[in-house]
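Colleague: A single structure is presented below for examination.
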Amino acid sequence: LNEELSKMLASDIDTAIEGNAEYPHRWHLGASIIGQSCLRKTWYAYRWCVAETFSARMLRLFQRGHREEPRFAEMLTMIGATVQLEVGGSQGRFTAISGHFGGSCDGTVTLPAKYNISTEVLAEFKTKATGAAFTKMKREGVALANPQHWAQICTYGNAFHLNHYLYMVVNKNDDDLHIEIGDIDTAHGVEMTSRARYIIASQTAPARMSDNPTHWQCKFCPAHGVCHTGVPLDKNCRSCKHASPVANAEWRCGLFGNVIPRDFVKTGCERWEPVA
Ligand code: SF4
Ligand code: SF4
């Protein structure tokens, strides 16, 4: 065993993964976060107020979720289902609210005739790390056990006009599977789209879900400092009070009276003033 080389290798890999990490902010408000229990947290993310950076280990965890998708598709194909990873010719992607709201579903599945569902079924594939969360999912189902995933499923159902969902979760600890199929609550999807419209239109931070900084959800919130203890916002045009979302997923500066070039949005200018 050469400890020094082992450590060097581990460190080099972590550095490479962190170096390849995507820009910390997403351009659009994603369907994957619209079901978060705190609107303020979702708004902070949409307005790029907090730059979250992740360790190489966390980035590997996120990447694993994507890599599992072909495995789910393979299992479904084995039982005679047809898995389609492109919905509506848009590679499973939808946008709404002038391009500011959107998301990508994992795909659709057409099940063998014996399942008596003749239409395409929305597919969402997830990985779960902890035994406790997995057990809760098995006991309660996605709508109760993970409202954020449920909101995502219903938003896609509404956007792609699909009535049924297939939700498959693998337990990363032991490869156990949770499989659930049912009707999509499209009214909930409509409600989530209204929530997105509210967040996008709001020029001020929505109310806190709790004014108590020690609330368990606040304690784990990436916006905790910004929200409760006055930590300065990440500086860019979207976190500036002069910026507002406009058509074609663009942002306009009210001070200079123009649509802001996308690259410039990331930096802002010396006239930046915090939006919250
Ligand atoms: S710290 Fe709490 S109230 Fe503030 S954004 Fe996060 S979850 Fe919401
Ligand atoms: S260009 Fe300057 S003033 Fe305008 S939104 Fe960006 S940071 Fe704010």
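By convention in this document, the chains of the structure tokens carry letters A, B, ... by their order, each chain's residues are numbered from 1, and ligands are numbered from 1 in the order they are shown.
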Name each residue within 12 Å of ligand 2, counting only C-alpha atoms and all ligand atoms, as a PyMOL selection string.

Modeller: chain A and resi 47+234-245+250-275

Colleague: Give the residue list for ligand 1 at 12 Å, counting only C-alpha atoms and all ligand atoms, as an MDAnalysis selection string, sorted by chain and then by residue number.

Modeller: chainID A and resid 36:46 49:50 205:231 276

Colleague: Please dump the current selection as a short mmCIF file (atom, residue, chain, number, x, y, z; two decimals), in the first residue's frame; keep N, CA and C atoms.

Modeller:
data_model
loop_
_atom_site.label_atom_id
_atom_site.label_comp_id
_atom_site.auth_asym_id
_atom_site.auth_seq_id
_atom_site.Cartn_x
_atom_site.Cartn_y
_atom_site.Cartn_z
N GLN A 36 -41.07 22.26 -3.31
CA GLN A 36 -40.41 22.48 -2.01
C GLN A 36 -41.39 23.14 -1.04
N SER A 37 -41.28 22.78 0.22
CA SER A 37 -42.28 23.28 1.17
C SER A 37 -42.14 24.77 1.46
N CYS A 38 -40.97 25.36 1.23
CA CYS A 38 -40.79 26.79 1.50
C CYS A 38 -40.68 27.55 0.18
N LEU A 39 -41.66 28.40 -0.10
CA LEU A 39 -41.65 29.19 -1.34
C LEU A 39 -40.47 30.14 -1.38
N ARG A 40 -40.11 30.62 -0.20
CA ARG A 40 -38.99 31.57 -0.13
C ARG A 40 -37.69 30.91 -0.59
N LYS A 41 -37.50 29.67 -0.17
CA LYS A 41 -36.30 28.93 -0.57
C LYS A 41 -36.28 28.76 -2.10
N THR A 42 -37.44 28.44 -2.67
CA THR A 42 -37.52 28.26 -4.12
C THR A 42 -37.24 29.59 -4.83
N TRP A 43 -37.77 30.66 -4.27
CA TRP A 43 -37.56 32.00 -4.85
C TRP A 43 -36.08 32.38 -4.80
N TYR A 44 -35.42 32.12 -3.67
CA TYR A 44 -33.98 32.41 -3.55
C TYR A 44 -33.21 31.68 -4.64
N ALA A 45 -33.60 30.43 -4.91
CA ALA A 45 -32.89 29.66 -5.95
C ALA A 45 -33.15 30.27 -7.32
N TYR A 46 -34.39 30.64 -7.60
CA TYR A 46 -34.72 31.21 -8.91
C TYR A 46 -34.02 32.55 -9.12
N CYS A 49 -29.84 33.90 -5.48
CA CYS A 49 -29.38 34.63 -4.29
C CYS A 49 -28.30 33.89 -3.52
N VAL A 50 -28.27 32.56 -3.67
CA VAL A 50 -27.32 31.76 -2.91
C VAL A 50 -26.58 30.83 -3.87
N ALA A 205 -38.97 38.66 -1.67
CA ALA A 205 -38.95 37.28 -1.17
C ALA A 205 -40.28 36.92 -0.52
N PRO A 206 -40.87 35.78 -0.87
CA PRO A 206 -42.08 35.32 -0.18
C PRO A 206 -41.80 35.12 1.33
N ALA A 207 -42.88 35.00 2.10
CA ALA A 207 -42.74 34.83 3.55
C ALA A 207 -41.95 33.57 3.88
N ARG A 208 -41.26 33.61 5.03
CA ARG A 208 -40.54 32.42 5.49
C ARG A 208 -41.54 31.33 5.88
N MET A 209 -41.14 30.09 5.70
CA MET A 209 -41.98 29.01 6.20
C MET A 209 -41.90 28.97 7.73
N SER A 210 -40.81 29.50 8.29
CA SER A 210 -40.68 29.60 9.74
C SER A 210 -39.76 30.79 10.06
N ASP A 211 -40.14 31.56 11.07
CA ASP A 211 -39.25 32.65 11.50
C ASP A 211 -38.23 32.16 12.51
N ASN A 212 -38.30 30.89 12.83
CA ASN A 212 -37.37 30.31 13.80
C ASN A 212 -36.17 29.71 13.07
N PRO A 213 -35.00 30.35 13.18
CA PRO A 213 -33.84 29.84 12.44
C PRO A 213 -33.43 28.44 12.84
N THR A 214 -33.94 27.94 13.97
CA THR A 214 -33.57 26.57 14.36
C THR A 214 -34.61 25.54 13.91
N HIS A 215 -35.63 26.00 13.17
CA HIS A 215 -36.59 25.05 12.60
C HIS A 215 -35.81 24.00 11.80
N TRP A 216 -36.21 22.74 11.88
CA TRP A 216 -35.37 21.67 11.29
C TRP A 216 -35.19 21.86 9.79
N GLN A 217 -36.20 22.39 9.10
CA GLN A 217 -36.02 22.57 7.65
C GLN A 217 -35.08 23.75 7.36
N CYS A 218 -35.17 24.79 8.20
CA CYS A 218 -34.28 25.94 8.01
C CYS A 218 -32.83 25.56 8.27
N LYS A 219 -32.63 24.70 9.27
CA LYS A 219 -31.26 24.33 9.63
C LYS A 219 -30.51 23.69 8.46
N PHE A 220 -31.27 22.98 7.61
CA PHE A 220 -30.63 22.30 6.47
C PHE A 220 -30.79 23.06 5.16
N CYS A 221 -31.30 24.28 5.23
CA CYS A 221 -31.59 25.04 4.01
C CYS A 221 -30.32 25.79 3.55
N PRO A 222 -29.98 25.70 2.27
CA PRO A 222 -28.79 26.42 1.79
C PRO A 222 -28.93 27.93 1.90
N ALA A 223 -30.17 28.42 2.02
CA ALA A 223 -30.40 29.87 2.11
C ALA A 223 -30.47 30.35 3.56
N HIS A 224 -30.14 29.49 4.50
CA HIS A 224 -30.32 29.82 5.91
C HIS A 224 -29.65 31.15 6.27
N GLY A 225 -28.42 31.33 5.87
CA GLY A 225 -27.69 32.56 6.23
C GLY A 225 -28.33 33.79 5.62
N VAL A 226 -28.66 33.70 4.34
CA VAL A 226 -29.28 34.83 3.63
C VAL A 226 -30.64 35.15 4.25
N CYS A 227 -31.36 34.13 4.59
CA CYS A 227 -32.75 34.29 5.05
C CYS A 227 -32.83 34.78 6.49
N HIS A 228 -31.99 34.22 7.36
CA HIS A 228 -32.16 34.48 8.80
C HIS A 228 -31.07 35.35 9.42
N THR A 229 -29.88 35.36 8.84
CA THR A 229 -28.80 36.04 9.58
C THR A 229 -28.09 37.13 8.78
N GLY A 230 -28.70 37.56 7.68
CA GLY A 230 -28.16 38.72 6.96
C GLY A 230 -26.91 38.46 6.15
N VAL A 231 -26.61 37.22 5.81
CA VAL A 231 -25.48 36.93 4.92
C VAL A 231 -25.77 37.59 3.57
N ALA A 276 -33.33 41.33 -2.13
CA ALA A 276 -34.00 40.98 -0.86
C ALA A 276 -33.07 41.28 0.30
#

Colleague: Among region 42-270 of chain A, which ones does DSSP place in alpha helix (DSSP H), written as a CSV table (one decimal) with C-alpha atoms, in the first residue's frame?

Modeller:
chain,number,residue,atom,x,y,z
A,42,THR,CA,-37.5,28.3,-4.1
A,43,TRP,CA,-37.6,32.0,-4.9
A,44,TYR,CA,-34.0,32.4,-3.6
A,45,ALA,CA,-32.9,29.7,-6.0
A,46,TYR,CA,-34.7,31.2,-8.9
A,56,ALA,CA,-16.9,16.0,-5.1
A,57,ARG,CA,-18.7,13.3,-3.1
A,58,MET,CA,-22.0,15.1,-3.4
A,59,LEU,CA,-21.5,15.6,-7.1
A,60,ARG,CA,-20.8,11.9,-7.5
A,61,LEU,CA,-24.1,11.2,-5.7
A,62,PHE,CA,-26.0,13.4,-8.1
A,63,GLN,CA,-24.3,11.8,-11.1
A,64,ARG,CA,-25.2,8.4,-9.9
A,65,GLY,CA,-28.9,9.3,-10.1
A,66,HIS,CA,-28.6,10.0,-13.9
A,67,ARG,CA,-26.5,6.9,-14.5
A,68,GLU,CA,-29.2,4.7,-13.0
A,69,GLU,CA,-31.8,5.7,-15.6
A,70,PRO,CA,-30.7,3.3,-18.3
A,71,ARG,CA,-30.8,0.5,-15.7
A,72,PHE,CA,-34.5,1.3,-14.9
A,73,ALA,CA,-35.2,1.3,-18.7
A,74,GLU,CA,-33.5,-2.0,-19.1
A,75,MET,CA,-35.6,-3.7,-16.3
A,76,LEU,CA,-38.8,-2.4,-17.9
A,77,THR,CA,-37.7,-3.6,-21.4
A,78,MET,CA,-37.1,-7.0,-19.9
A,131,GLY,CA,-33.1,2.9,4.5
A,132,ALA,CA,-35.4,5.1,6.6
A,133,ALA,CA,-36.5,7.2,3.6
A,134,PHE,CA,-36.9,4.2,1.5
A,135,THR,CA,-39.1,2.4,4.0
A,136,LYS,CA,-41.3,5.5,4.4
A,137,MET,CA,-41.7,5.6,0.6
A,138,LYS,CA,-42.7,2.0,0.5
A,139,ARG,CA,-45.2,2.5,3.3
A,140,GLU,CA,-46.8,5.8,2.3
A,142,VAL,CA,-44.7,9.2,-3.3
A,143,ALA,CA,-47.6,11.7,-2.7
A,144,LEU,CA,-47.2,11.5,1.0
A,145,ALA,CA,-43.6,10.5,1.5
A,147,PRO,CA,-44.3,15.9,-1.9
A,148,GLN,CA,-41.5,17.4,-4.0
A,149,HIS,CA,-41.3,14.4,-6.3
A,150,TRP,CA,-45.1,14.3,-6.4
A,151,ALA,CA,-45.3,17.9,-7.5
A,152,GLN,CA,-42.7,17.2,-10.2
A,153,ILE,CA,-44.7,14.2,-11.5
A,154,CYS,CA,-48.0,16.2,-11.5
A,155,THR,CA,-46.4,19.1,-13.2
A,156,TYR,CA,-45.1,16.9,-16.0
A,157,GLY,CA,-48.4,15.1,-16.2
A,158,ASN,CA,-50.1,18.5,-16.7
A,159,ALA,CA,-47.5,19.7,-19.2
A,160,PHE,CA,-47.4,16.5,-21.3
A,186,THR,CA,-53.2,17.1,-12.9
A,187,ALA,CA,-55.1,19.7,-10.8
A,188,HIS,CA,-52.0,19.6,-8.5
A,189,GLY,CA,-49.9,20.1,-11.6
A,190,VAL,CA,-51.9,23.2,-12.4
A,191,GLU,CA,-51.5,24.4,-8.9
A,192,MET,CA,-47.8,23.9,-9.0
A,193,THR,CA,-47.6,25.9,-12.3
A,194,SER,CA,-49.5,28.7,-10.6
A,195,ARG,CA,-47.0,28.6,-7.8
A,196,ALA,CA,-44.2,28.9,-10.3
A,197,ARG,CA,-46.0,31.9,-11.9
A,198,TYR,CA,-46.2,33.6,-8.4
A,199,ILE,CA,-42.5,32.9,-7.7
A,200,ILE,CA,-41.4,34.2,-11.1
A,201,ALA,CA,-43.5,37.4,-10.8
A,216,TRP,CA,-35.4,21.7,11.3
A,217,GLN,CA,-36.0,22.6,7.6
A,218,CYS,CA,-34.3,25.9,8.0
A,219,LYS,CA,-31.3,24.3,9.6
A,224,HIS,CA,-30.3,29.8,5.9
A,225,GLY,CA,-27.7,32.6,6.2
A,226,VAL,CA,-29.3,34.8,3.6
A,227,CYS,CA,-32.7,34.3,5.0
A,228,HIS,CA,-32.2,34.5,8.8
A,262,ARG,CA,-26.9,36.1,-20.7
A,263,ASP,CA,-23.2,36.0,-19.9
A,264,PHE,CA,-23.5,39.4,-18.2
A,265,VAL,CA,-26.4,38.1,-16.0

Colleague: Could you name the residues that touch region 5-21 of chain A at 7 Å or less, counting only C-alpha atoms, but leaving out those on the same chain fewer than 2 positions away, as a VMD selection string?

Modeller: chain A and resid 2 to 3 23 55 to 56

Colleague: Give me, as an MDAnalysis selection string, all polymer residues having an atom no more than 7 Å from Pro112 (chain A), counting only C-alpha atoms and skipping those fewer than 3 positions away in the same chain.

Modeller: chainID A and resid 80:81 115

Colleague: Between CA of Ile184 (chain A) and CA of Ala123 (chain A), measure the distance and give it in Å to one decimal.

Modeller: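 Atom-to-atom, CA of Ile184 (chain A) to CA of Ala123 (chain A), that is 11.3 Å.
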
Colleague: As a VMD selection string, please: every residue in region 29-233 of chain A that a backbone DSSP assignment puts in strand (DSSP E).

Modeller: chain A and resid 29 to 30 82 to 84 93 to 96 101 to 104 107 to 110 121 to 128 164 to 171 177 to 183

Colleague: Write out the residues from the selection above, keeping N, CA and C atoms, as a tab-separated table (two decimals), in the first residue's frame.

Modeller:
chain	number	residue	atom	x	y	z
A	29	LEU	N	-36.58	28.12	-13.57
A	29	LEU	CA	-37.12	27.55	-12.33
A	29	LEU	C	-37.56	26.13	-12.66
A	30	GLY	N	-37.00	25.15	-12.00
A	30	GLY	CA	-37.22	23.75	-12.38
A	30	GLY	C	-38.42	23.12	-11.70
A	82	THR	N	-42.18	-0.76	-23.48
A	82	THR	CA	-41.40	0.08	-24.39
A	82	THR	C	-41.10	1.38	-23.67
A	83	VAL	N	-39.84	1.70	-23.56
A	83	VAL	CA	-39.44	2.92	-22.85
A	83	VAL	C	-39.04	3.97	-23.86
A	84	GLN	N	-39.65	5.11	-23.74
A	84	GLN	CA	-39.40	6.22	-24.66
A	84	GLN	C	-38.82	7.39	-23.86
A	93	ARG	N	-38.68	17.49	-22.46
A	93	ARG	CA	-38.52	18.80	-21.84
A	93	ARG	C	-39.74	19.67	-22.10
A	94	PHE	N	-40.18	20.41	-21.10
A	94	PHE	CA	-41.24	21.39	-21.33
A	94	PHE	C	-40.78	22.74	-20.77
A	95	THR	N	-41.32	23.79	-21.35
A	95	THR	CA	-41.11	25.12	-20.77
A	95	THR	C	-42.45	25.83	-20.72
A	96	ALA	N	-42.60	26.72	-19.79
A	96	ALA	CA	-43.84	27.49	-19.62
A	96	ALA	C	-43.47	28.85	-19.03
A	101	PHE	N	-40.11	28.73	-16.57
A	101	PHE	CA	-40.42	27.53	-15.80
A	101	PHE	C	-40.25	26.34	-16.73
A	102	GLY	N	-39.67	25.26	-16.23
A	102	GLY	CA	-39.50	24.11	-17.10
A	102	GLY	C	-38.93	22.92	-16.38
A	103	GLY	N	-38.68	21.89	-17.16
A	103	GLY	CA	-38.11	20.68	-16.57
A	103	GLY	C	-38.04	19.58	-17.60
A	104	SER	N	-37.36	18.51	-17.24
A	104	SER	CA	-37.20	17.36	-18.13
A	104	SER	C	-37.63	16.11	-17.39
A	107	GLY	N	-38.93	10.15	-18.95
A	107	GLY	CA	-39.42	9.50	-20.17
A	107	GLY	C	-40.84	9.02	-20.01
A	108	THR	N	-41.27	8.22	-20.98
A	108	THR	CA	-42.59	7.58	-20.90
A	108	THR	C	-42.41	6.09	-21.15
A	109	VAL	N	-43.41	5.34	-20.67
A	109	VAL	CA	-43.37	3.88	-20.80
A	109	VAL	C	-44.70	3.42	-21.37
A	110	THR	N	-44.65	2.52	-22.33
A	110	THR	CA	-45.87	1.84	-22.78
A	110	THR	C	-45.78	0.42	-22.24
A	121	VAL	N	-47.32	6.18	-20.21
A	121	VAL	CA	-47.25	6.44	-18.77
A	121	VAL	C	-45.99	7.27	-18.50
A	122	LEU	N	-46.15	8.34	-17.74
A	122	LEU	CA	-44.99	9.16	-17.37
A	122	LEU	C	-44.07	8.35	-16.46
A	123	ALA	N	-42.78	8.38	-16.72
A	123	ALA	CA	-41.83	7.63	-15.89
A	123	ALA	C	-40.93	8.58	-15.12
A	124	GLU	N	-40.79	8.32	-13.83
A	124	GLU	CA	-39.80	9.02	-13.02
A	124	GLU	C	-38.98	7.98	-12.28
A	125	PHE	N	-37.68	8.06	-12.44
A	125	PHE	CA	-36.76	7.10	-11.83
A	125	PHE	C	-35.90	7.82	-10.80
A	126	LYS	N	-35.83	7.28	-9.61
A	126	LYS	CA	-35.07	7.96	-8.55
A	126	LYS	C	-34.19	6.95	-7.80
A	127	THR	N	-33.19	7.48	-7.15
A	127	THR	CA	-32.36	6.67	-6.25
A	127	THR	C	-32.53	7.22	-4.84
A	128	LYS	N	-32.54	6.34	-3.88
A	128	LYS	CA	-32.66	6.74	-2.47
A	128	LYS	C	-31.53	6.11	-1.70
A	164	HIS	N	-51.23	8.90	-16.31
A	164	HIS	CA	-50.70	7.89	-15.37
A	164	HIS	C	-49.20	8.10	-15.17
A	165	TYR	N	-48.76	7.68	-14.00
A	165	TYR	CA	-47.32	7.77	-13.72
A	165	TYR	C	-46.79	6.43	-13.27
A	166	LEU	N	-45.50	6.22	-13.54
A	166	LEU	CA	-44.75	5.08	-13.01
A	166	LEU	C	-43.56	5.67	-12.27
A	167	TYR	N	-43.48	5.36	-10.99
A	167	TYR	CA	-42.42	5.92	-10.14
A	167	TYR	C	-41.59	4.74	-9.64
A	168	MET	N	-40.32	4.73	-9.98
A	168	MET	CA	-39.46	3.63	-9.56
A	168	MET	C	-38.28	4.21	-8.77
A	169	VAL	N	-38.06	3.61	-7.63
A	169	VAL	CA	-36.99	4.08	-6.75
A	169	VAL	C	-36.12	2.88	-6.37
A	170	VAL	N	-34.82	3.08	-6.47
A	170	VAL	CA	-33.91	2.02	-6.03
A	170	VAL	C	-33.24	2.45	-4.72
A	171	ASN	N	-33.15	1.51	-3.82
A	171	ASN	CA	-32.44	1.74	-2.57
A	171	ASN	C	-30.96	1.47	-2.84
A	177	LEU	N	-36.21	-2.44	-4.64
A	177	LEU	CA	-36.95	-1.53	-5.53
A	177	LEU	C	-38.29	-1.13	-4.92
A	178	HIS	N	-38.64	0.13	-5.08
A	178	HIS	CA	-40.02	0.57	-4.82
A	178	HIS	C	-40.62	0.92	-6.18
A	179	ILE	N	-41.77	0.31	-6.49
A	179	ILE	CA	-42.42	0.55	-7.78
A	179	ILE	C	-43.86	0.95	-7.52
A	180	GLU	N	-44.26	2.04	-8.13
A	180	GLU	CA	-45.60	2.55	-7.88
A	180	GLU	C	-46.17	3.08	-9.18
A	181	ILE	N	-47.42	2.69	-9.47
A	181	ILE	CA	-48.07	3.17	-10.69
A	181	ILE	C	-49.45	3.67	-10.30
A	182	GLY	N	-49.88	4.77	-10.89
A	182	GLY	CA	-51.18	5.32	-10.50
A	182	GLY	C	-51.58	6.49	-11.37
A	183	ASP	N	-52.65	7.17	-10.93
A	183	ASP	CA	-53.17	8.31	-11.68
A	183	ASP	C	-52.45	9.59	-11.26

Colleague: Calculated over only C-alpha atoms, which of the candidates A:Thr130, A:Asn163, A:Ser32, A:Asn146 has the smallest distance to Cys105 (chain A)?

Modeller: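 Looking at the shortest contact to Cys105 (chain A), the residue is A:Ser32.
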
Colleague: Interatomic distance between CA of Ala249 (chain A) and CA of His28 (chain A)?

Modeller: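 Result for CA of Ala249 (chain A) versus CA of His28 (chain A): 7.5 Å, one decimal.
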